[in-house]
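Enquirer: Sharing target-v3.txt, compact mmCIF, C-alpha atoms:
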# COMPACT_ATOMS: atom_id res chain seq x y z
CA MET J 1 64.82 86.55 59.36
CA SER J 2 65.50 83.66 57.01
CA SER J 3 64.79 80.17 58.25
CA SER J 4 67.31 77.39 57.88
CA ARG J 5 65.08 75.87 55.17
CA ASP J 6 65.03 79.11 53.17
CA LEU J 7 68.79 79.45 53.48
CA LEU J 8 69.30 75.83 52.47
CA GLN J 9 67.25 76.48 49.34
CA THR J 10 69.61 79.30 48.42
CA LEU J 11 72.78 77.33 49.24
CA VAL J 12 71.75 74.25 47.24
CA ALA J 13 71.18 76.43 44.16
CA PHE J 14 74.91 77.21 44.04
CA ASP J 15 76.71 74.50 42.09
CA THR J 16 79.78 74.18 44.29
CA THR J 17 80.96 70.82 42.98
CA SER J 18 84.66 70.68 43.85
CA ARG J 19 85.69 71.23 40.23
CA GLU J 20 83.73 74.52 40.20
CA SER J 21 84.29 77.83 42.01
CA ASN J 22 82.56 78.44 45.34
CA LEU J 23 82.81 82.23 45.11
CA HIS J 24 79.12 82.81 44.38
CA LEU J 25 78.18 80.99 47.58
CA ILE J 26 80.90 82.75 49.58
CA GLY J 27 79.76 86.10 48.20
CA PHE J 28 76.20 85.36 49.26
CA VAL J 29 77.30 84.49 52.81
CA ARG J 30 79.54 87.59 53.00
CA ASP J 31 76.61 89.82 51.94
CA TYR J 32 74.23 88.02 54.30
CA LEU J 33 76.58 88.63 57.24
CA ALA J 34 77.03 92.26 56.20
CA ARG J 35 73.28 92.79 56.67
CA PHE J 36 73.93 92.17 60.37
CA ASP J 37 77.13 94.24 60.43
CA VAL J 38 79.25 91.11 60.80
CA PRO J 39 82.61 91.48 59.01
CA CYS J 40 84.33 88.46 57.56
CA GLU J 41 87.73 87.51 56.18
CA LEU J 42 88.30 85.60 52.95
CA THR J 43 91.37 83.52 52.16
CA TYR J 44 91.75 82.55 48.50
CA ASN J 45 93.40 79.73 46.62
CA GLU J 46 96.31 80.54 44.32
CA THR J 47 94.09 81.31 41.32
CA ARG J 48 91.54 83.23 43.42
CA SER J 49 88.81 80.97 42.06
CA LYS J 50 87.86 79.69 45.51
CA ALA J 51 87.83 81.09 49.02
CA ASN J 52 87.42 80.25 52.68
CA LEU J 53 85.34 82.53 54.87
CA PHE J 54 85.90 83.28 58.56
CA ALA J 55 83.70 85.54 60.66
CA THR J 56 83.62 86.33 64.38
CA LEU J 57 80.59 87.37 66.42
CA GLY J 58 81.18 88.48 70.01
CA PRO J 59 84.35 89.26 71.99
CA ALA J 60 87.40 88.18 69.99
CA HIS J 61 89.85 88.37 72.91
CA VAL J 62 88.62 85.19 74.64
CA PRO J 63 88.45 81.56 73.43
CA GLY J 64 85.23 80.81 71.58
CA ILE J 65 83.38 78.23 69.51
CA VAL J 66 83.96 77.58 65.80
CA LEU J 67 81.02 76.39 63.71
CA SER J 68 82.73 74.86 60.70
CA GLY J 69 81.50 73.51 57.39
CA HIS J 70 82.77 72.90 53.88
CA THR J 71 81.08 74.54 50.92
CA ASP J 72 81.99 72.06 48.17
CA VAL J 73 79.90 69.07 47.14
CA VAL J 74 80.59 65.90 45.15
CA PRO J 75 79.57 65.56 41.48
CA VAL J 76 76.16 64.39 40.29
CA ASP J 77 77.48 63.10 36.94
CA GLY J 78 76.05 59.71 35.99
CA GLN J 79 73.79 59.49 39.03
CA PRO J 80 70.08 58.70 38.48
CA TRP J 81 68.52 61.72 40.21
CA THR J 82 64.71 61.94 40.17
CA VAL J 83 64.75 65.60 41.28
CA PRO J 84 66.87 68.53 40.07
CA PRO J 85 70.10 68.22 42.11
CA PHE J 86 70.70 71.96 42.40
CA GLU J 87 67.15 72.89 43.37
CA LEU J 88 65.65 72.19 46.79
CA SER J 89 62.71 69.79 46.57
CA GLU J 90 60.51 68.81 49.49
CA ARG J 91 58.66 65.52 49.75
CA ASN J 92 57.29 63.68 52.78
CA GLY J 93 59.28 65.76 55.27
CA LYS J 94 62.56 65.40 53.36
CA LEU J 95 64.52 68.13 51.62
CA TYR J 96 66.28 66.87 48.48
CA GLY J 97 69.26 68.37 46.66
CA ARG J 98 73.01 67.96 46.32
CA GLY J 99 74.68 68.95 49.58
CA THR J 100 71.55 68.95 51.73
CA ALA J 101 73.13 66.39 54.06
CA ASP J 102 76.81 66.88 53.21
CA MET J 103 76.82 69.60 54.41
CA LYS J 104 74.84 72.66 53.43
CA GLY J 105 72.05 71.76 55.86
CA TYR J 106 74.37 72.51 58.76
CA ILE J 107 75.66 75.70 57.15
CA ALA J 108 72.06 76.86 56.66
CA CYS J 109 71.33 76.30 60.36
CA VAL J 110 74.46 78.24 61.34
CA LEU J 111 73.49 81.17 59.14
CA ALA J 112 69.92 81.11 60.48
CA LEU J 113 71.39 81.56 63.97
CA VAL J 114 73.16 84.81 63.06
CA PRO J 115 70.26 87.20 63.91
CA ALA J 116 70.04 85.68 67.39
CA LEU J 117 73.82 85.84 67.82
CA VAL J 118 73.94 89.57 67.12
CA ASP J 119 70.92 90.23 69.33
CA VAL J 120 72.47 89.00 72.59
CA ASN J 121 75.51 89.75 74.73
CA LEU J 122 77.88 86.87 74.10
CA ARG J 123 80.31 85.88 76.85
CA VAL J 124 82.52 84.10 74.31
CA PRO J 125 82.75 84.53 70.55
CA VAL J 126 81.16 82.35 67.92
CA HIS J 127 83.23 81.92 64.78
CA ILE J 128 81.80 80.85 61.44
CA ALA J 129 84.32 78.98 59.28
CA LEU J 130 83.50 77.89 55.72
CA SER J 131 86.09 76.10 53.61
CA TYR J 132 86.57 74.92 50.04
CA ASP J 133 87.74 71.62 48.53
CA GLU J 134 87.13 69.39 51.52
CA GLU J 135 85.85 66.63 49.26
CA VAL J 136 89.15 66.41 47.37
CA GLY J 137 91.50 66.20 50.34
CA CYS J 138 90.61 68.89 52.90
CA LEU J 139 92.61 71.39 50.87
CA GLY J 140 91.10 74.80 51.58
CA VAL J 141 90.86 74.64 55.34
CA ARG J 142 94.65 74.42 55.66
CA SER J 143 95.18 78.07 54.71
CA LEU J 144 92.34 79.10 57.02
CA LEU J 145 93.96 77.24 59.90
CA ALA J 146 97.35 78.75 59.08
CA GLU J 147 95.77 82.15 59.68
CA LEU J 148 94.14 81.05 62.96
CA GLU J 149 97.40 79.62 64.29
CA GLN J 150 98.94 83.09 64.13
CA ARG J 151 96.34 84.56 66.49
CA PRO J 152 97.05 84.96 70.21
CA VAL J 153 93.73 83.38 71.27
CA LYS J 154 92.65 80.00 69.96
CA PRO J 155 89.05 78.73 70.04
CA MET J 156 88.09 76.36 72.85
CA LEU J 157 85.90 74.17 70.61
CA CYS J 158 85.22 73.49 66.95
CA ILE J 159 82.00 71.79 65.86
CA ILE J 160 82.35 70.24 62.40
CA GLY J 161 78.80 69.90 61.10
CA GLU J 162 79.21 66.77 58.97
CA PRO J 163 76.05 64.63 58.94
CA THR J 164 75.98 62.44 62.07
CA GLU J 165 72.22 62.52 62.74
CA LEU J 166 73.21 65.02 65.45
CA LYS J 167 75.01 62.32 67.43
CA PRO J 168 78.20 63.61 69.09
CA VAL J 169 81.20 62.13 67.28
CA LEU J 170 84.63 62.27 68.92
CA GLY J 171 86.68 60.23 66.48
CA HIS J 172 87.34 59.27 62.89
CA LYS J 173 90.18 57.67 60.98
CA GLY J 174 92.90 59.53 59.13
CA LYS J 175 93.59 59.03 55.44
CA LEU J 176 96.61 58.92 53.18
CA ALA J 177 96.02 58.59 49.42
CA MET J 178 99.02 57.61 47.29
CA ARG J 179 99.87 57.04 43.64
CA CYS J 180 102.40 54.49 42.46
CA ASP J 181 103.98 54.74 38.99
CA VAL J 182 105.78 51.63 37.75
CA HIS J 183 108.07 52.10 34.76
CA GLY J 184 109.49 49.05 33.05
CA GLN J 185 110.58 48.21 29.51
CA ALA J 186 108.37 47.36 26.55
CA CYS J 187 109.05 44.62 24.03
CA HIS J 188 107.19 42.17 21.79
CA SER J 189 105.22 39.76 23.94
CA ALA J 190 106.83 36.83 22.11
CA TYR J 191 110.08 37.85 23.83
CA ALA J 192 108.53 38.73 27.20
CA PRO J 193 111.64 37.91 29.31
CA GLN J 194 113.51 40.68 27.49
CA GLY J 195 111.06 43.27 28.83
CA VAL J 196 110.06 44.50 32.26
CA ASN J 197 106.31 44.03 32.64
CA ALA J 198 105.09 47.06 34.60
CA ILE J 199 101.64 45.57 35.17
CA GLU J 200 103.06 42.41 36.69
CA TYR J 201 105.32 44.37 39.02
CA ALA J 202 102.37 46.61 39.96
CA ALA J 203 100.45 43.43 40.76
CA GLU J 204 103.23 42.33 43.10
CA LEU J 205 103.06 45.69 44.86
CA ILE J 206 99.28 45.43 45.20
CA GLY J 207 99.68 41.93 46.57
CA GLU J 208 102.16 43.19 49.17
CA LEU J 209 99.75 45.99 50.05
CA GLY J 210 97.12 43.32 50.71
CA ARG J 211 99.50 41.44 52.99
CA ILE J 212 100.21 44.64 54.92
CA GLY J 213 96.45 45.11 55.25
CA GLN J 214 96.09 41.63 56.69
CA ARG J 215 98.72 42.41 59.33
CA LEU J 216 96.78 45.53 60.32
CA LYS J 217 93.83 43.29 61.23
CA ALA J 218 95.74 41.78 64.17
CA PRO J 219 93.53 41.93 67.30
CA ALA J 220 96.27 43.73 69.23
CA LEU J 221 95.88 46.69 66.84
CA HIS J 222 92.09 46.94 67.13
CA ASP J 223 90.13 49.92 68.44
CA ASP J 224 86.57 48.71 68.92
CA ARG J 225 85.15 52.23 68.82
CA PHE J 226 85.56 52.11 65.04
CA ASP J 227 83.89 50.07 62.28
CA PRO J 228 85.91 48.28 61.06
CA PRO J 229 88.02 48.31 64.23
CA PHE J 230 91.36 48.30 62.40
CA SER J 231 93.21 50.38 59.81
CA THR J 232 92.49 49.44 56.22
CA VAL J 233 94.23 49.67 52.85
CA GLN J 234 92.75 49.34 49.38
CA THR J 235 93.68 49.88 45.74
CA GLY J 236 91.01 51.91 43.96
CA VAL J 237 92.33 52.78 40.48
CA ILE J 238 94.73 51.06 38.09
CA SER J 239 95.75 51.64 34.48
CA GLY J 240 98.46 50.35 32.17
CA GLY J 241 99.33 48.64 28.93
CA ASN J 242 98.53 49.33 25.28
CA ALA J 243 98.01 45.98 23.59
CA LEU J 244 98.08 42.31 24.51
CA ASN J 245 101.08 41.59 22.31
CA ILE J 246 103.22 44.31 23.89
CA VAL J 247 104.92 43.87 27.26
CA PRO J 248 103.67 47.00 29.08
CA ALA J 249 106.28 49.59 29.99
CA ASP J 250 104.07 51.58 32.35
CA CYS J 251 101.42 50.97 34.98
CA ARG J 252 99.89 53.30 37.53
CA PHE J 253 97.68 52.59 40.50
CA ASP J 254 96.21 54.65 43.33
CA PHE J 255 95.74 53.31 46.83
CA GLU J 256 94.62 54.63 50.18
CA ILE J 257 95.20 53.94 53.84
CA ARG J 258 92.43 54.64 56.35
CA ALA J 259 94.27 54.64 59.66
CA LEU J 260 93.09 54.59 63.24
CA PRO J 261 93.96 57.89 64.98
CA THR J 262 96.70 56.15 66.98
CA GLN J 263 98.39 54.74 63.87
CA ASP J 264 100.51 56.57 61.30
CA PRO J 265 99.46 55.77 57.72
CA ASN J 266 102.91 56.82 56.51
CA GLU J 267 104.28 53.65 58.09
CA VAL J 268 102.21 51.60 55.64
CA ALA J 269 103.41 53.70 52.71
CA GLN J 270 107.00 53.38 53.87
CA ALA J 271 106.69 49.59 54.22
CA LEU J 272 105.49 49.36 50.61
CA LYS J 273 108.28 51.65 49.42
CA THR J 274 110.86 49.50 51.22
CA TYR J 275 109.43 46.36 49.60
CA ALA J 276 109.65 48.04 46.20
CA GLU J 277 113.21 49.26 46.70
CA GLN J 278 114.58 46.04 48.19
CA GLN J 279 112.61 43.32 46.40
CA LEU J 280 111.36 44.62 43.06
CA VAL J 281 113.55 47.42 41.69
CA PRO J 282 116.77 45.31 41.72
CA ARG J 283 115.01 42.60 39.66
CA MET J 284 113.63 45.18 37.23
CA ARG J 285 116.97 46.91 36.74
CA ALA J 286 118.70 43.61 36.11
CA VAL J 287 116.78 43.66 32.82
CA SER J 288 116.59 47.41 32.19
CA GLU J 289 118.56 49.97 34.18
CA HIS J 290 115.93 52.61 33.39
CA SER J 291 113.21 50.77 35.32
CA ASP J 292 111.82 52.46 38.39
CA ILE J 293 108.98 52.60 40.91
CA ARG J 294 107.87 56.03 42.11
CA PHE J 295 105.39 57.02 44.80
CA SER J 296 103.61 60.35 45.20
CA GLU J 297 101.09 61.63 47.72
CA LEU J 298 97.65 62.58 46.41
CA SER J 299 96.04 63.78 49.64
CA ALA J 300 96.16 63.27 53.39
CA TYR J 301 94.45 64.33 56.58
CA PRO J 302 94.91 63.20 60.19
CA GLY J 303 92.46 61.23 62.26
CA LEU J 304 90.49 62.62 65.18
CA ALA J 305 90.41 61.22 68.71
CA THR J 306 88.92 63.71 71.17
CA ASP J 307 88.98 62.60 74.82
CA ALA J 308 85.50 61.72 76.08
CA HIS J 309 86.37 63.44 79.38
CA SER J 310 87.57 66.67 77.76
CA GLU J 311 85.90 70.05 77.98
CA ALA J 312 85.08 69.83 74.28
CA ALA J 313 83.23 66.55 74.79
CA GLY J 314 81.34 67.99 77.74
CA LEU J 315 80.26 71.01 75.73
CA ILE J 316 78.92 69.07 72.73
CA ALA J 317 77.14 66.68 75.09
CA ALA J 318 75.36 69.63 76.68
CA PHE J 319 74.49 71.19 73.33
CA CYS J 320 73.06 68.06 71.73
CA GLY J 321 71.68 66.53 74.94
CA SER J 322 73.59 63.26 74.78
CA ARG J 323 76.82 61.72 76.02
CA ASP J 324 76.35 58.75 73.72
CA PHE J 325 79.65 59.48 71.98
CA THR J 326 80.52 57.60 68.83
CA THR J 327 82.90 57.53 65.85
CA VAL J 328 82.39 57.66 62.09
CA ALA J 329 84.06 55.81 59.24
CA PHE J 330 84.40 58.84 56.97
CA GLY J 331 87.01 61.56 57.41
CA THR J 332 86.50 65.24 58.15
CA GLU J 333 88.47 68.44 58.59
CA GLY J 334 88.28 67.78 62.34
CA GLY J 335 91.70 66.17 62.54
CA LEU J 336 93.28 69.28 61.01
CA PHE J 337 91.53 71.60 63.48
CA ASP J 338 92.62 69.33 66.33
CA ALA J 339 96.22 69.27 65.03
CA ALA J 340 96.11 73.08 65.04
CA GLY J 341 95.38 73.01 68.79
CA ILE J 342 91.61 73.51 68.54
CA PRO J 343 89.63 70.77 70.38
CA THR J 344 87.15 69.36 67.88
CA VAL J 345 83.97 67.31 67.69
CA VAL J 346 81.76 66.32 64.76
CA CYS J 347 77.99 66.79 64.98
CA GLY J 348 75.54 67.79 62.29
CA PRO J 349 72.11 67.12 60.76
CA GLY J 350 71.41 64.34 58.29
CA SER J 351 73.14 61.07 57.64
CA MET J 352 76.11 60.15 55.48
CA GLU J 353 73.92 57.26 54.30
CA GLN J 354 72.44 59.90 51.99
CA GLY J 355 75.68 61.77 51.32
CA HIS J 356 77.29 61.41 47.86
CA LYS J 357 74.23 59.55 46.52
CA PRO J 358 71.51 60.47 44.02
CA ASP J 359 68.48 62.12 45.61
CA GLU J 360 70.54 63.19 48.60
CA PHE J 361 68.32 64.58 51.37
CA VAL J 362 68.10 65.89 54.90
CA SER J 363 64.89 65.66 56.86
CA VAL J 364 63.04 68.76 58.01
CA GLU J 365 63.08 67.24 61.49
CA GLN J 366 66.88 67.03 61.49
CA LEU J 367 67.18 70.68 60.45
CA GLU J 368 64.83 71.69 63.24
CA GLN J 369 66.79 69.64 65.77
CA CYS J 370 70.04 71.24 64.59
CA ASP J 371 68.45 74.68 65.08
CA GLU J 372 67.55 73.62 68.62
CA MET J 373 71.08 72.38 69.32
CA LEU J 374 72.59 75.67 68.19
CA HIS J 375 70.13 77.64 70.30
CA ARG J 376 71.09 75.56 73.34
CA MET J 377 74.68 76.48 72.58
CA LEU J 378 73.68 80.12 72.34
CA ALA J 379 71.86 80.03 75.66
CA SER J 380 74.95 78.59 77.37
CA ILE J 381 77.25 81.40 76.19
CA THR J 382 74.89 84.36 76.57
CA ALA J 383 75.69 86.81 79.36
CA PRO J 384 72.83 87.61 81.76
Would you write the structure of this file as structure tokens?
Expert:
Amino acid sequence: MSSSRDLLQTLVAFDTTSRESNLHLIGFVRDYLARFDVPCELTYNETRSKANLFATLGPAHVPGIVLSGHTDVVPVDGQPWTVPPFELSERNGKLYGRGTADMKGYIACVLALVPALVDVNLRVPVHIALSYDEEVGCLGVRSLLAELEQRPVKPMLCIIGEPTELKPVLGHKGKLAMRCDVHGQACHSAYAPQGVNAIEYAAELIGELGRIGQRLKAPALHDDRFDPPFSTVQTGVISGGNALNIVPADCRFDFEIRALPTQDPNEVAQALKTYAEQQLVPRMRAVSEHSDIRFSELSAYPGLATDAHSEAAGLIAAFCGSRDFTTVAFGTEGGLFDAAGIPTVVCGPGSMEQGHKPDEFVSVEQLEQCDEMLHRMLASITAP
């Protein structure tokens, strides 16, 4: 039987950066499961360059537990790594490599549990769900969930193994990422009033976005379980213009809304669109009728807010030995599972303090504790 450390070594060696295929990793997991006579289903993207994997161990006709993780990792480009990012390195009780914390460590622990899962009589099934392209907008899991929603029996719990230091997490914010394209009219800068300066109008939009963000900080909108306790907006990328002596005809910027689970980020986007349509576009078209402001969605996923008194919360508390429920600032696929009618929690080894950084690591101790958590889960669903 392979240990979680051995499996992590294999998983890290697959370069599954989101821009690359994950099929080599998925093929390894499929073949690994086949050794234990566990069949699995693959759902592919349109080009068949990536796939989700879903496998069921135990009786499929009753609600079970999903152990879910994403297979893609973020790039290492430009980061000052002191160890090879796609080789597992061990030093002072820490296992280094891209994805060790986010989140191949959890996947390794899940796979290490498979021999024990097939060796007992399970009262309820355990499902293994691996997705692609989580890091670029939770893209792959959507087709996996579309398949699950067609089934007559839905799981009673999903455990998303994002790194939480094995603390039970019941909530995170949702996200909406948007792009705004401002099209004006170019002219010589000496005759600036004859043009429509796309950069300046983009700046007005960004300023309005900041004012919307300030309104979201109102104490009445706070949820103190989160840090920060309010929804946030920010502009992350902007580009436009060709030369200082040309009034720029085009400007583009990307912004995001990180919304509390009880708030709809689309309301922020709609408020900015209304401001553009009512306040800016008429002024722009008074100079050039071809001026316009266009918005497009880049990615989105819902927030998560699992009830602390729910069955799902009780189960994860029993598995990890703590009812010290918390929230995280980063997003996960958990909101999508929850929206599909599958109660969801987030709990996994490692810390997001190491995620996405050079020399990413998970401690050996955290892997061992995750193994213990999963074995407690196993003990609770094993028939006598």
Enquirer: Between J:Pro125, J:Gly210, J:Pro163, J:Gly241, which residue has the minimum interatomic distance to Ala186 (chain J), considering all atoms listed in the file?
Expert: J:Gly241
Enquirer: What is the distance, in Å and to one decimal place, between CA of Thr17 (chain J) and CA of Asp77 (chain J)?
Expert: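 A separation of 10.4 Å between them.
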Enquirer: Hey, what's within 7 Å of Cys40 (chain J) if we count only C-alpha atoms and toss same-chain stuff fewer than 5 positions away? As a ChimeraX atom specification, please?
Expert: /J:30,53-55
Enquirer: At a cut-off of 10 Å, using all atoms listed in the file, what residues contact Met373 (chain J)? Leave out same-chain residues fewer than 2 positions from it and give the result as a PyMOL selection string.
Expert: chain J and resi 109+166+316+318-321+347-348+367-371+375-379
Enquirer: State, in Å with one decimal place, the distance from CA of Pro168 (chain J) to CA of Leu33 (chain J).
Expert: 27.7 Å
Enquirer: Using all atoms listed in the file, can you tell me which of J:Leu170, J:Gly350, J:Val118, J:Lys357 comes closest to His309 (chain J)?
Expert: J:Leu170
Enquirer: Report as a compact mmCIF listing (two decimals) with C-alpha atoms, in the frame of the given file all protein, DNA and RNA residues lying within 12 Å of Leu148 (chain J), evaluated on all atoms listed in the file, omitting residues in the same chain fewer than 5 positions from it.
Expert:
# COMPACT_ATOMS: atom_id res chain seq x y z
CA GLU J 41 87.73 87.51 56.18
CA THR J 43 91.37 83.52 52.16
CA PHE J 54 85.90 83.28 58.56
CA ALA J 55 83.70 85.54 60.66
CA THR J 56 83.62 86.33 64.38
CA PRO J 63 88.45 81.56 73.43
CA VAL J 66 83.96 77.58 65.80
CA HIS J 127 83.23 81.92 64.78
CA ALA J 129 84.32 78.98 59.28
CA VAL J 141 90.86 74.64 55.34
CA ARG J 142 94.65 74.42 55.66
CA SER J 143 95.18 78.07 54.71
CA VAL J 153 93.73 83.38 71.27
CA LYS J 154 92.65 80.00 69.96
CA PRO J 155 89.05 78.73 70.04
CA LEU J 336 93.28 69.28 61.01
CA PHE J 337 91.53 71.60 63.48
CA ALA J 340 96.11 73.08 65.04
CA GLY J 341 95.38 73.01 68.79
CA ILE J 342 91.61 73.51 68.54
Enquirer: Can you tell me, as a ChimeraX atom specification, what residues are no more than 8 Å from region 19-27 of chain J when counting only C-alpha atoms, ignoring any on the same chain fewer than 2 positions away?
Expert: /J:11,14-17,29-31,49-53,71-72,132
Enquirer: Please, what distance in Å, to one decimal, runs between CA of Glu256 (chain J) and CA of Thr100 (chain J)?
Expert: 27.2 Å
Enquirer: From the list J:Leu122, J:Ala146, J:Val12, J:Ala313, which residue is nearest Pro384 (chain J) when using only C-alpha atoms?
Expert: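 Counting only C-alpha atoms, the residue closest to Pro384 (chain J) is J:Leu122.
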Enquirer: Write out as a list in words the residues lying within 8 Å of region 73-75 of chain J, counting only C-alpha atoms and excluding same-chain residues fewer than 4 positions away.
Expert: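 Listed by chain and then number, they are Thr16, Thr17, Ser18, Arg98, Gly99, Asp102, Met103, Glu135 and His356 of chain J.
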Enquirer: Which one is closest to Ala249 (chain J): J:Glu297, J:Glu277, J:Glu87, J:Asp181? Count only C-alpha atoms.
Expert: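 Nearest to Ala249 (chain J): J:Asp181.
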Enquirer: Hey, which of J:Ile199, J:Tyr301, J:Gly140, J:Gln354 ends up closest to Leu244 (chain J)? Count all atoms listed in the file.
Expert: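 Ranking J:Ile199, J:Tyr301, J:Gly140, J:Gln354 by distance to Leu244 (chain J), first place goes to J:Ile199.
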Enquirer: Generate a file for region 134-170 of chain J, containing C-alpha atoms, as a PDB file, in the first residue's frame.
Expert:
ATOM      1  CA  GLU J 134     -10.345  25.321 -10.285  1.00  0.00           C
ATOM      2  CA  GLU J 135      -7.599  27.938 -10.150  1.00  0.00           C
ATOM      3  CA  VAL J 136      -8.975  29.786 -13.185  1.00  0.00           C
ATOM      4  CA  GLY J 137     -12.604  30.039 -12.111  1.00  0.00           C
ATOM      5  CA  CYS J 138     -13.837  26.645 -10.865  1.00  0.00           C
ATOM      6  CA  LEU J 139     -14.456  25.615 -14.459  1.00  0.00           C
ATOM      7  CA  GLY J 140     -14.150  21.835 -14.577  1.00  0.00           C
ATOM      8  CA  VAL J 141     -16.265  20.923 -11.584  1.00  0.00           C
ATOM      9  CA  ARG J 142     -19.378  22.372 -13.228  1.00  0.00           C
ATOM     10  CA  SER J 143     -19.671  19.525 -15.737  1.00  0.00           C
ATOM     11  CA  LEU J 144     -19.015  17.000 -12.968  1.00  0.00           C
ATOM     12  CA  LEU J 145     -21.809  18.499 -10.886  1.00  0.00           C
ATOM     13  CA  ALA J 146     -24.135  18.545 -13.898  1.00  0.00           C
ATOM     14  CA  GLU J 147     -23.706  14.770 -14.049  1.00  0.00           C
ATOM     15  CA  LEU J 148     -24.317  14.338 -10.306  1.00  0.00           C
ATOM     16  CA  GLU J 149     -27.490  16.428 -10.410  1.00  0.00           C
ATOM     17  CA  GLN J 150     -29.032  13.891 -12.790  1.00  0.00           C
ATOM     18  CA  ARG J 151     -28.649  11.049 -10.291  1.00  0.00           C
ATOM     19  CA  PRO J 152     -31.541   9.968  -8.054  1.00  0.00           C
ATOM     20  CA  VAL J 153     -29.415   9.944  -4.874  1.00  0.00           C
ATOM     21  CA  LYS J 154     -27.338  12.949  -3.877  1.00  0.00           C
ATOM     22  CA  PRO J 155     -24.428  12.806  -1.405  1.00  0.00           C
ATOM     23  CA  MET J 156     -25.110  13.876   2.169  1.00  0.00           C
ATOM     24  CA  LEU J 157     -21.750  15.648   2.555  1.00  0.00           C
ATOM     25  CA  CYS J 158     -18.879  16.967   0.475  1.00  0.00           C
ATOM     26  CA  ILE J 159     -15.489  17.645   2.055  1.00  0.00           C
ATOM     27  CA  ILE J 160     -13.432  20.060  -0.050  1.00  0.00           C
ATOM     28  CA  GLY J 161      -9.826  19.449   0.966  1.00  0.00           C
ATOM     29  CA  GLU J 162      -8.438  22.959   0.480  1.00  0.00           C
ATOM     30  CA  PRO J 163      -5.691  23.784   3.001  1.00  0.00           C
ATOM     31  CA  THR J 164      -7.287  24.919   6.272  1.00  0.00           C
ATOM     32  CA  GLU J 165      -4.782  23.348   8.706  1.00  0.00           C
ATOM     33  CA  LEU J 166      -7.542  20.748   9.156  1.00  0.00           C
ATOM     34  CA  LYS J 167      -9.817  23.294  10.828  1.00  0.00           C
ATOM     35  CA  PRO J 168     -13.486  22.837   9.856  1.00  0.00           C
ATOM     36  CA  VAL J 169     -14.515  25.693   7.566  1.00  0.00           C
ATOM     37  CA  LEU J 170     -18.209  26.345   6.938  1.00  0.00           C
TER      38      LEU J 170
END
